[in-house]
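Colleague: Sharing query-v6.cif here; it has mmCIF, C-alpha atoms, pLDDT in the B column; chains and numbers go by the auth columns.
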data_protein
loop_
_atom_site.group_PDB
_atom_site.id
_atom_site.type_symbol
_atom_site.label_atom_id
_atom_site.label_comp_id
_atom_site.label_asym_id
_atom_site.label_seq_id
_atom_site.Cartn_x
_atom_site.Cartn_y
_atom_site.Cartn_z
_atom_site.B_iso_or_equiv
_atom_site.auth_seq_id
_atom_site.auth_asym_id
ATOM 1 C CA SER A 1 88.565 109.089 90.095 49.00 1 S
ATOM 2 C CA ALA A 2 86.411 105.993 90.410 61.00 2 S
ATOM 3 C CA VAL A 3 86.332 103.665 87.455 88.00 3 S
ATOM 4 C CA ILE A 4 83.795 101.106 86.239 94.00 4 S
ATOM 5 C CA SER A 5 85.324 98.305 84.223 96.00 5 S
ATOM 6 C CA GLN A 6 83.830 95.342 82.416 98.00 6 S
ATOM 7 C CA LYS A 7 85.429 92.154 81.187 97.00 7 S
ATOM 8 C CA PRO A 8 85.466 90.951 78.485 97.00 8 S
ATOM 9 C CA SER A 9 85.034 94.026 76.303 96.00 9 S
ATOM 10 C CA ARG A 10 83.835 91.823 73.474 96.00 10 S
ATOM 11 C CA ASP A 11 83.438 88.158 72.621 97.00 11 S
ATOM 12 C CA ILE A 12 82.245 85.907 69.849 96.00 12 S
ATOM 13 C CA CYS A 13 80.588 82.753 71.107 96.00 13 S
ATOM 14 C CA GLN A 14 78.994 79.615 69.738 96.00 14 S
ATOM 15 C CA ARG A 15 75.292 78.984 70.280 96.00 15 S
ATOM 16 C CA GLY A 16 74.536 76.800 73.271 97.00 16 S
ATOM 17 C CA THR A 17 77.500 78.045 75.294 97.00 17 S
ATOM 18 C CA SER A 18 77.503 80.487 78.225 97.00 18 S
ATOM 19 C CA LEU A 19 79.474 83.665 78.875 97.00 19 S
ATOM 20 C CA THR A 20 80.078 85.388 82.201 98.00 20 S
ATOM 21 C CA ILE A 21 80.590 89.151 82.153 98.00 21 S
ATOM 22 C CA GLN A 22 82.286 90.866 85.069 98.00 22 S
ATOM 23 C CA CYS A 23 81.701 94.396 86.319 97.00 23 S
ATOM 24 C CA GLN A 24 84.153 95.936 88.771 97.00 24 S
ATOM 25 C CA VAL A 25 83.888 99.324 90.477 94.00 25 S
ATOM 26 C CA ASP A 26 86.813 100.733 92.400 91.00 26 S
ATOM 27 C CA SER A 27 84.625 102.161 95.150 89.00 27 S
ATOM 28 C CA GLN A 28 81.617 100.824 97.001 88.00 28 S
ATOM 29 C CA VAL A 29 78.231 101.480 95.433 87.00 29 S
ATOM 30 C CA THR A 30 74.739 100.844 96.685 84.00 30 S
ATOM 31 C CA MET A 31 73.044 99.841 93.476 87.00 31 S
ATOM 32 C CA MET A 32 74.307 97.908 90.463 93.00 32 S
ATOM 33 C CA PHE A 33 72.269 97.136 87.376 96.00 33 S
ATOM 34 C CA TRP A 34 72.615 95.116 84.190 98.00 34 S
ATOM 35 C CA TYR A 35 71.255 96.365 80.878 97.00 35 S
ATOM 36 C CA ARG A 36 71.073 95.054 77.343 97.00 36 S
ATOM 37 C CA GLN A 37 71.279 97.229 74.256 95.00 37 S
ATOM 38 C CA GLN A 38 70.408 95.393 71.083 92.00 38 S
ATOM 39 C CA PRO A 39 71.565 96.761 67.712 86.00 39 S
ATOM 40 C CA GLY A 40 69.844 100.031 66.908 82.00 40 S
ATOM 41 C CA GLN A 41 67.817 99.921 70.122 87.00 41 S
ATOM 42 C CA SER A 42 67.890 101.739 73.401 87.00 42 S
ATOM 43 C CA LEU A 43 68.775 100.238 76.749 94.00 43 S
ATOM 44 C CA THR A 44 66.596 97.631 78.454 95.00 44 S
ATOM 45 C CA LEU A 45 67.035 96.807 82.119 96.00 45 S
ATOM 46 C CA ILE A 46 67.678 93.097 82.700 97.00 46 S
ATOM 47 C CA ALA A 47 67.947 93.102 86.483 97.00 47 S
ATOM 48 C CA THR A 48 69.089 94.847 89.625 95.00 48 S
ATOM 49 C CA ALA A 49 72.035 93.091 91.245 95.00 49 S
ATOM 50 C CA ASN A 50 71.420 92.951 94.990 88.00 50 S
ATOM 51 C CA GLN A 51 74.348 92.484 97.334 88.00 51 S
ATOM 52 C CA GLY A 52 73.959 89.327 99.372 84.00 52 S
ATOM 53 C CA SER A 53 70.623 88.276 97.897 86.00 53 S
ATOM 54 C CA GLU A 54 69.028 87.176 94.632 90.00 54 S
ATOM 55 C CA ALA A 55 68.855 89.676 91.800 94.00 55 S
ATOM 56 C CA THR A 56 65.560 91.368 90.920 95.00 56 S
ATOM 57 C CA TYR A 57 64.642 90.590 87.312 96.00 57 S
ATOM 58 C CA GLU A 58 62.519 92.674 84.981 95.00 58 S
ATOM 59 C CA SER A 59 59.674 91.270 82.940 94.00 59 S
ATOM 60 C CA GLY A 60 60.966 89.061 80.148 95.00 60 S
ATOM 61 C CA PHE A 61 64.218 88.142 81.899 97.00 61 S
ATOM 62 C CA VAL A 62 64.696 85.075 84.111 96.00 62 S
ATOM 63 C CA ILE A 63 67.382 83.837 86.452 96.00 63 S
ATOM 64 C CA ASP A 64 67.973 80.598 84.547 97.00 64 S
ATOM 65 C CA LYS A 65 68.905 82.535 81.416 97.00 65 S
ATOM 66 C CA PHE A 66 70.727 85.461 83.085 98.00 66 S
ATOM 67 C CA PRO A 67 72.099 84.389 86.458 97.00 67 S
ATOM 68 C CA ILE A 68 73.641 87.293 88.360 97.00 68 S
ATOM 69 C CA SER A 69 75.991 87.386 91.295 95.00 69 S
ATOM 70 C CA ARG A 70 76.874 90.285 93.574 95.00 70 S
ATOM 71 C CA PRO A 71 79.178 89.082 96.319 94.00 71 S
ATOM 72 C CA ASN A 72 80.139 92.578 97.561 93.00 72 S
ATOM 73 C CA LEU A 73 79.562 96.297 96.994 91.00 73 S
ATOM 74 C CA THR A 74 82.164 96.638 94.214 93.00 74 S
ATOM 75 C CA PHE A 75 81.642 93.613 91.968 96.00 75 S
ATOM 76 C CA SER A 76 78.937 91.812 90.007 97.00 76 S
ATOM 77 C CA THR A 77 78.723 89.210 87.259 97.00 77 S
ATOM 78 C CA LEU A 78 76.092 88.520 84.627 98.00 78 S
ATOM 79 C CA THR A 79 76.026 85.166 82.846 98.00 79 S
ATOM 80 C CA VAL A 80 74.299 84.767 79.507 98.00 80 S
ATOM 81 C CA SER A 81 73.372 81.077 79.445 97.00 81 S
ATOM 82 C CA ASN A 82 72.672 78.689 76.582 97.00 82 S
ATOM 83 C CA MET A 83 73.233 81.470 74.089 97.00 83 S
ATOM 84 C CA SER A 84 71.444 81.904 70.783 97.00 84 S
ATOM 85 C CA PRO A 85 72.052 84.484 68.032 96.00 85 S
ATOM 86 C CA GLU A 86 69.190 86.552 69.505 95.00 86 S
ATOM 87 C CA ASP A 87 71.410 87.195 72.544 96.00 87 S
ATOM 88 C CA SER A 88 73.863 89.146 70.387 96.00 88 S
ATOM 89 C CA SER A 89 73.885 92.535 72.025 96.00 89 S
ATOM 90 C CA ILE A 90 75.845 94.978 74.139 97.00 90 S
ATOM 91 C CA TYR A 91 75.597 94.225 77.847 98.00 91 S
ATOM 92 C CA LEU A 92 76.209 97.136 80.189 97.00 92 S
ATOM 93 C CA CYS A 93 76.510 97.365 83.922 97.00 93 S
ATOM 94 C CA SER A 94 75.646 100.564 85.687 95.00 94 S
ATOM 95 C CA VAL A 95 75.985 101.870 89.223 92.00 95 S
ATOM 96 C CA GLU A 96 74.079 104.353 91.339 86.00 96 S
ATOM 97 C CA ASN A 97 75.101 106.268 94.443 66.00 97 S
ATOM 98 C CA TRP A 98 78.701 106.168 93.329 59.00 98 S
ATOM 99 C CA GLY A 99 81.115 108.384 95.201 57.00 99 S
ATOM 100 C CA THR A 100 79.715 111.894 95.451 56.00 100 S
ATOM 101 C CA SER A 101 77.173 111.453 92.683 54.00 101 S
ATOM 102 C CA ALA A 102 73.626 112.465 93.455 56.00 102 S
ATOM 103 C CA SER A 103 71.249 109.721 94.390 60.00 103 S
ATOM 104 C CA ASP A 104 69.295 108.356 91.417 72.00 104 S
ATOM 105 C CA THR A 105 72.015 109.079 88.880 84.00 105 S
ATOM 106 C CA GLN A 106 73.431 106.098 87.025 90.00 106 S
ATOM 107 C CA TYR A 107 76.885 105.700 85.521 91.00 107 S
ATOM 108 C CA PHE A 108 77.738 103.004 83.000 94.00 108 S
ATOM 109 C CA GLY A 109 80.598 100.656 82.413 96.00 109 S
ATOM 110 C CA PRO A 110 82.110 100.493 78.923 96.00 110 S
ATOM 111 C CA GLY A 111 79.951 97.537 77.905 97.00 111 S
ATOM 112 C CA THR A 112 80.552 94.023 76.603 97.00 112 S
ATOM 113 C CA ARG A 113 79.821 93.461 72.926 96.00 113 S
ATOM 114 C CA LEU A 114 78.600 89.897 72.473 97.00 114 S
ATOM 115 C CA THR A 115 78.146 88.149 69.141 96.00 115 S
ATOM 116 C CA VAL A 116 76.610 84.674 69.086 96.00 116 S
ATOM 117 C CA LEU A 117 77.118 82.583 65.977 95.00 117 S
ATOM 118 C CA ARG B 1 52.498 103.103 75.175 74.00 1 N
ATOM 119 C CA LYS B 2 56.237 103.544 75.648 84.00 2 N
ATOM 120 C CA GLU B 3 57.454 105.094 78.885 90.00 3 N
ATOM 121 C CA VAL B 4 59.654 107.561 76.995 94.00 4 N
ATOM 122 C CA GLU B 5 59.293 108.728 73.408 94.00 5 N
ATOM 123 C CA GLN B 6 61.834 110.669 71.388 93.00 6 N
ATOM 124 C CA ASP B 7 62.095 111.787 67.801 87.00 7 N
ATOM 125 C CA PRO B 8 64.870 109.497 66.487 85.00 8 N
ATOM 126 C CA GLY B 9 66.032 112.048 63.927 86.00 9 N
ATOM 127 C CA PRO B 10 68.550 112.064 62.421 92.00 10 N
ATOM 128 C CA PHE B 11 69.295 115.723 62.870 94.00 11 N
ATOM 129 C CA ASN B 12 71.999 117.003 60.525 96.00 12 N
ATOM 130 C CA VAL B 13 72.967 120.574 61.349 97.00 13 N
ATOM 131 C CA PRO B 14 75.836 122.875 60.355 97.00 14 N
ATOM 132 C CA GLU B 15 78.446 123.951 62.860 97.00 15 N
ATOM 133 C CA GLY B 16 77.277 126.887 64.908 97.00 16 N
ATOM 134 C CA ALA B 17 73.598 126.039 64.580 97.00 17 N
ATOM 135 C CA THR B 18 71.145 125.759 67.452 97.00 18 N
ATOM 136 C CA VAL B 19 69.291 122.458 67.696 96.00 19 N
ATOM 137 C CA ALA B 20 66.530 121.307 70.031 95.00 20 N
ATOM 138 C CA PHE B 21 65.482 117.790 71.012 94.00 21 N
ATOM 139 C CA ASN B 22 62.189 116.890 72.592 94.00 22 N
ATOM 140 C CA CYS B 23 61.009 113.978 74.648 95.00 23 N
ATOM 141 C CA THR B 24 57.706 113.000 76.253 96.00 24 N
ATOM 142 C CA TYR B 25 57.078 110.577 79.075 95.00 25 N
ATOM 143 C CA SER B 26 53.949 108.692 80.040 94.00 26 N
ATOM 144 C CA ASN B 27 54.126 108.311 83.821 91.00 27 N
ATOM 145 C CA SER B 28 53.163 111.466 85.668 88.00 28 N
ATOM 146 C CA ALA B 29 54.697 110.030 88.859 88.00 29 N
ATOM 147 C CA SER B 30 58.196 110.002 87.336 88.00 30 N
ATOM 148 C CA GLN B 31 60.697 111.448 89.736 85.00 31 N
ATOM 149 C CA SER B 32 63.933 112.357 87.993 90.00 32 N
ATOM 150 C CA PHE B 33 64.906 113.270 84.471 93.00 33 N
ATOM 151 C CA PHE B 34 68.175 113.207 82.583 94.00 34 N
ATOM 152 C CA TRP B 35 69.822 113.596 79.231 96.00 35 N
ATOM 153 C CA TYR B 36 72.571 111.123 78.406 96.00 36 N
ATOM 154 C CA ARG B 37 74.922 111.196 75.453 97.00 37 N
ATOM 155 C CA GLN B 38 76.023 108.032 73.658 95.00 38 N
ATOM 156 C CA ASP B 39 78.802 108.031 71.109 95.00 39 N
ATOM 157 C CA CYS B 40 79.011 105.261 68.539 91.00 40 N
ATOM 158 C CA ARG B 41 80.093 101.973 70.150 88.00 41 N
ATOM 159 C CA LYS B 42 80.438 103.618 73.549 93.00 42 N
ATOM 160 C CA GLU B 43 78.470 103.554 76.775 94.00 43 N
ATOM 161 C CA PRO B 44 75.909 106.251 77.640 95.00 44 N
ATOM 162 C CA LYS B 45 77.355 109.137 79.628 94.00 45 N
ATOM 163 C CA LEU B 46 75.398 111.562 81.757 93.00 46 N
ATOM 164 C CA LEU B 47 75.099 114.913 80.041 95.00 47 N
ATOM 165 C CA MET B 48 72.890 116.677 82.552 93.00 48 N
ATOM 166 C CA SER B 49 70.024 116.292 84.947 91.00 49 N
ATOM 167 C CA VAL B 50 66.797 118.132 84.162 92.00 50 N
ATOM 168 C CA TYR B 51 64.930 120.247 86.687 84.00 51 N
ATOM 169 C CA SER B 52 61.547 121.976 86.560 82.00 52 N
ATOM 170 C CA SER B 53 63.279 125.318 86.936 83.00 53 N
ATOM 171 C CA GLY B 54 65.394 124.577 83.896 85.00 54 N
ATOM 172 C CA ASN B 55 69.133 124.261 83.998 90.00 55 N
ATOM 173 C CA GLU B 56 71.999 125.328 81.833 93.00 56 N
ATOM 174 C CA ASP B 57 75.504 123.972 81.408 93.00 57 N
ATOM 175 C CA GLY B 58 77.506 126.025 78.957 96.00 58 N
ATOM 176 C CA ARG B 59 75.942 125.612 75.523 97.00 59 N
ATOM 177 C CA PHE B 60 73.390 123.083 76.786 97.00 60 N
ATOM 178 C CA THR B 61 70.013 123.987 78.293 96.00 61 N
ATOM 179 C CA ALA B 62 67.543 121.434 79.598 96.00 62 N
ATOM 180 C CA GLN B 63 63.914 122.076 80.468 95.00 63 N
ATOM 181 C CA LEU B 64 61.203 120.039 82.130 94.00 64 N
ATOM 182 C CA ASN B 65 57.476 120.686 81.859 93.00 65 N
ATOM 183 C CA ARG B 66 55.755 118.385 84.346 92.00 66 N
ATOM 184 C CA ALA B 67 52.259 119.491 83.357 92.00 67 N
ATOM 185 C CA SER B 68 52.840 118.472 79.750 93.00 68 N
ATOM 186 C CA GLN B 69 55.184 115.600 80.659 94.00 69 N
ATOM 187 C CA TYR B 70 57.729 117.000 78.271 93.00 70 N
ATOM 188 C CA ILE B 71 61.516 117.354 78.407 95.00 71 N
ATOM 189 C CA SER B 72 63.727 119.327 76.075 95.00 72 N
ATOM 190 C CA LEU B 73 67.427 119.800 75.357 96.00 73 N
ATOM 191 C CA LEU B 74 68.754 122.828 73.521 97.00 74 N
ATOM 192 C CA ILE B 75 72.277 122.898 72.116 97.00 75 N
ATOM 193 C CA ARG B 76 73.595 126.277 71.033 98.00 76 N
ATOM 194 C CA ASP B 77 76.589 126.963 68.787 98.00 77 N
ATOM 195 C CA SER B 78 76.868 123.298 67.770 98.00 78 N
ATOM 196 C CA LYS B 79 80.343 121.801 67.549 97.00 79 N
ATOM 197 C CA LEU B 80 81.513 118.847 65.493 97.00 80 N
ATOM 198 C CA SER B 81 82.167 117.055 68.778 97.00 81 N
ATOM 199 C CA ASP B 82 78.476 117.281 69.673 97.00 82 N
ATOM 200 C CA SER B 83 77.741 114.580 67.073 97.00 83 N
ATOM 201 C CA ALA B 84 76.278 111.674 69.034 96.00 84 N
ATOM 202 C CA THR B 85 72.998 110.067 70.046 95.00 85 N
ATOM 203 C CA TYR B 86 71.166 111.861 72.847 97.00 86 N
ATOM 204 C CA LEU B 87 69.092 109.701 75.169 96.00 87 N
ATOM 205 C CA CYS B 88 66.190 111.041 77.192 96.00 88 N
ATOM 206 C CA VAL B 89 65.938 109.181 80.519 95.00 89 N
ATOM 207 C CA VAL B 90 63.120 109.206 83.036 94.00 90 N
ATOM 208 C CA SER B 91 63.398 107.669 86.476 91.00 91 N
ATOM 209 C CA GLY B 92 60.554 106.098 88.392 83.00 92 N
ATOM 210 C CA ARG B 93 60.642 102.530 89.552 82.00 93 N
ATOM 211 C CA GLN B 94 63.633 102.134 87.266 88.00 94 N
ATOM 212 C CA PHE B 95 65.449 104.119 84.612 91.00 95 N
ATOM 213 C CA TYR B 96 63.495 104.280 81.335 93.00 96 N
ATOM 214 C CA PHE B 97 65.473 105.166 78.245 94.00 97 N
ATOM 215 C CA GLY B 98 64.211 106.739 75.075 94.00 98 N
ATOM 216 C CA THR B 99 65.428 105.295 71.797 92.00 99 N
ATOM 217 C CA GLY B 100 67.699 108.284 71.320 93.00 100 N
ATOM 218 C CA THR B 101 67.977 111.176 68.895 94.00 101 N
ATOM 219 C CA SER B 102 70.876 111.090 66.463 94.00 102 N
ATOM 220 C CA LEU B 103 72.724 114.349 65.877 96.00 103 N
ATOM 221 C CA THR B 104 75.371 114.955 63.237 96.00 104 N
ATOM 222 C CA VAL B 105 77.060 118.349 63.138 97.00 105 N
ATOM 223 C CA ILE B 106 78.401 119.087 59.686 97.00 106 N
ATOM 224 C CA PRO B 107 81.475 121.265 59.020 94.00 107 N
#
As structure tokens, what does this structure read like?
Modeller:
Amino acid sequence: SAVISQKPSRDICQRGTSLTIQCQVDSQVTMMFWYRQQPGQSLTLIATANQGSEATYESGFVIDKFPISRPNLTFSTLTVSNMSPEDSSIYLCSVENWGTSASDTQYFGPGTRLTVL
Amino acid sequence: RKEVEQDPGPFNVPEGATVAFNCTYSNSASQSFFWYRQDCRKEPKLLMSVYSSGNEDGRFTAQLNRASQYISLLIRDSKLSDSATYLCVVSGRQFYFGTGTSLTVIP
């Protein structure tokens, strides 16, 4: 069956540094998304990763802080730039239109747990 | 006003009990509705889609009332393995997640 993987699964970083998170799907998908889940909170959409064009960011999120790449239909990266402790969170990628799944159903990768000191 | 509102709980129920979760949404133009389950330190996983006609999957029954903008999830004969956080999700322009309802099933 298709698998969504994320790397790294967790990291502890120093403030001011950047971390790039990778999301890999083993089959082509139409839509890929990046979410953040802060401690004790629900999921917040950061952006939609568009293949071959710039990502679409939600209110409160900007490209300079969260640059996203999507070079093909199976892979995307999210970078958390110039990190501060407030960026400590779980970052999740999700995909839609995956395999035989119904349109408008999203499936999530295992997440990346980021701690910024 | 939040797009999706859920009672956060926690719900602590004995094994075998029936428990119901409720959720309301604010946008009447919302198109699709789901319940996801999230275990501690894990990613959300799709539990079931929710249809106006109601749908059942084993011990789980989901219901949608578009007029009242209300979604429900009923779990019958609760098992210890049902302990998790249940997220109500509404789809429109994007997926909107509720804050989740915590369920603990007690032996």
Colleague: May I ask which of the residues N:Gly100, N:Ile75, N:Gln94, N:Gln63 is the closest one to Ile46 in chain S, counting only C-alpha atoms?
Modeller: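 Distance minimum relative to Ile46 in chain S lands on N:Gln94.
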Colleague: Could you produce a table of the residues of chain S lying within 9 Å of chain N, with the nearest pair of atoms per residue and their separation in Å rounded to one decimal, using only C-alpha atoms, ordered by chain and increasing residue number, as JSON lines?
Modeller:
{"residue": "S:Gly40", "atom": "CA", "partner": "N:Thr99", "partner_atom": "CA", "distance": 8.4}
{"residue": "S:Gln41", "atom": "CA", "partner": "N:Thr99", "partner_atom": "CA", "distance": 6.1}
{"residue": "S:Ser42", "atom": "CA", "partner": "N:Thr99", "partner_atom": "CA", "distance": 4.6}
{"residue": "S:Leu43", "atom": "CA", "partner": "N:Phe97", "partner_atom": "CA", "distance": 6.1}
{"residue": "S:Thr44", "atom": "CA", "partner": "N:Phe97", "partner_atom": "CA", "distance": 7.6}
{"residue": "S:Leu45", "atom": "CA", "partner": "N:Phe95", "partner_atom": "CA", "distance": 7.9}
{"residue": "S:Leu92", "atom": "CA", "partner": "N:Glu43", "partner_atom": "CA", "distance": 7.6}
{"residue": "S:Asp104", "atom": "CA", "partner": "N:Ser32", "partner_atom": "CA", "distance": 7.5}
{"residue": "S:Thr105", "atom": "CA", "partner": "N:Leu46", "partner_atom": "CA", "distance": 8.3}
{"residue": "S:Gln106", "atom": "CA", "partner": "N:Leu46", "partner_atom": "CA", "distance": 7.8}
{"residue": "S:Tyr107", "atom": "CA", "partner": "N:Lys45", "partner_atom": "CA", "distance": 6.8}
{"residue": "S:Phe108", "atom": "CA", "partner": "N:Glu43", "partner_atom": "CA", "distance": 6.3}
{"residue": "S:Gly109", "atom": "CA", "partner": "N:Glu43", "partner_atom": "CA", "distance": 6.7}
{"residue": "S:Pro110", "atom": "CA", "partner": "N:Glu43", "partner_atom": "CA", "distance": 5.2}
{"residue": "S:Gly111", "atom": "CA", "partner": "N:Glu43", "partner_atom": "CA", "distance": 6.3}
{"residue": "S:Arg113", "atom": "CA", "partner": "N:Arg41", "partner_atom": "CA", "distance": 9.0}
Colleague: For a quick check of understanding, using all atoms listed in the file, which of N:Leu74, N:Leu80, N:Val4, N:Ala62 has the smallest distance to Cys23 in chain N?
Modeller: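 Ranking N:Leu74, N:Leu80, N:Val4, N:Ala62 by distance to Cys23 in chain N, first place goes to N:Val4.
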Colleague: If the PyMOL selection byres ((chain N and resi 68) around 12) were run on this exact file, what residues would it hold? Put them as JSON, numbers by chain.
Modeller: {"N": [22, 23, 24, 25, 26, 27, 28, 52, 63, 64, 65, 66, 67, 69, 70, 71, 72]}
Colleague: With the cut-off set at 7 Å and counting only C-alpha atoms, tabulate each residue of range 12-45 of chain S with an atom at most that distance from an atom of range 64-79 of chain S, showing the nearest atom pair and its distance in Å to one decimal, ordered by chain and increasing number, as JSON lines.
Modeller:
{"residue": "S:Ser18", "atom": "CA", "partner": "S:Thr79", "partner_atom": "CA", "distance": 6.7}
{"residue": "S:Leu19", "atom": "CA", "partner": "S:Thr79", "partner_atom": "CA", "distance": 5.5}
{"residue": "S:Thr20", "atom": "CA", "partner": "S:Thr79", "partner_atom": "CA", "distance": 4.1}
{"residue": "S:Ile21", "atom": "CA", "partner": "S:Leu78", "partner_atom": "CA", "distance": 5.2}
{"residue": "S:Gln22", "atom": "CA", "partner": "S:Thr77", "partner_atom": "CA", "distance": 4.5}
{"residue": "S:Cys23", "atom": "CA", "partner": "S:Ser76", "partner_atom": "CA", "distance": 5.3}
{"residue": "S:Gln24", "atom": "CA", "partner": "S:Phe75", "partner_atom": "CA", "distance": 4.7}
{"residue": "S:Val25", "atom": "CA", "partner": "S:Thr74", "partner_atom": "CA", "distance": 4.9}
{"residue": "S:Asp26", "atom": "CA", "partner": "S:Thr74", "partner_atom": "CA", "distance": 6.5}
{"residue": "S:Ser27", "atom": "CA", "partner": "S:Thr74", "partner_atom": "CA", "distance": 6.1}
{"residue": "S:Gln28", "atom": "CA", "partner": "S:Leu73", "partner_atom": "CA", "distance": 5.0}
{"residue": "S:Val29", "atom": "CA", "partner": "S:Leu73", "partner_atom": "CA", "distance": 5.6}
{"residue": "S:Thr30", "atom": "CA", "partner": "S:Leu73", "partner_atom": "CA", "distance": 6.6}
Colleague: Expand the PyMOL selection byres ((chain N and resi 9) around 9) into the individual residues it matches in the shown file, reporting them as a list of chain:residue names.
Modeller: N:Gln6, N:Asp7, N:Pro8, N:Pro10, N:Phe11, N:Asn12, N:Gly100, N:Thr101, N:Ser102, N:Leu103
Colleague: Could you jot down the CA of Tyr35 in chain S to CA of Ser81 in chain N separation for me, Å, one decimal place?
Modeller: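 One can read the CA of Tyr35 in chain S to CA of Ser81 in chain N distance as 26.3 Å.
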Colleague: Rounded to one decimal place, report the CA of Thr85 in chain N-CA of Pro107 in chain N distance in Å.
Modeller: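 These atoms are spaced 17.9 Å apart.
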Colleague: What's the 7 Å shell around Cys13 in chain S, counting all atoms listed in the file, without same-chain residues fewer than 6 positions away, as a list of chain:residue names?
Modeller: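 Residues near the query, excluding close chain neighbours: S:Thr115, S:Val116, S:Leu117.
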Colleague: Using all atoms listed in the file, can you tell me which of N:Cys88, N:Ser83, N:Thr61, N:Ser78 comes closest to Glu15 in chain N?
Modeller: N:Ser78
Colleague: Calculate how many Å separate CA of Asp82 in chain N from CA of Val105 in chain N, rounding to one decimal.
Modeller: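 Atom-to-atom, CA of Asp82 in chain N to CA of Val105 in chain N, that is 6.8 Å.
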Colleague: If we count all atoms listed in the file, what is near Gln14 in chain S at a cut-off of 8 Å, once residues fewer than 2 positions away on the same chain are taken out, given as an NGL selection string?
Modeller: :S and (12 or 16-17 or 83-84 or 116-117)
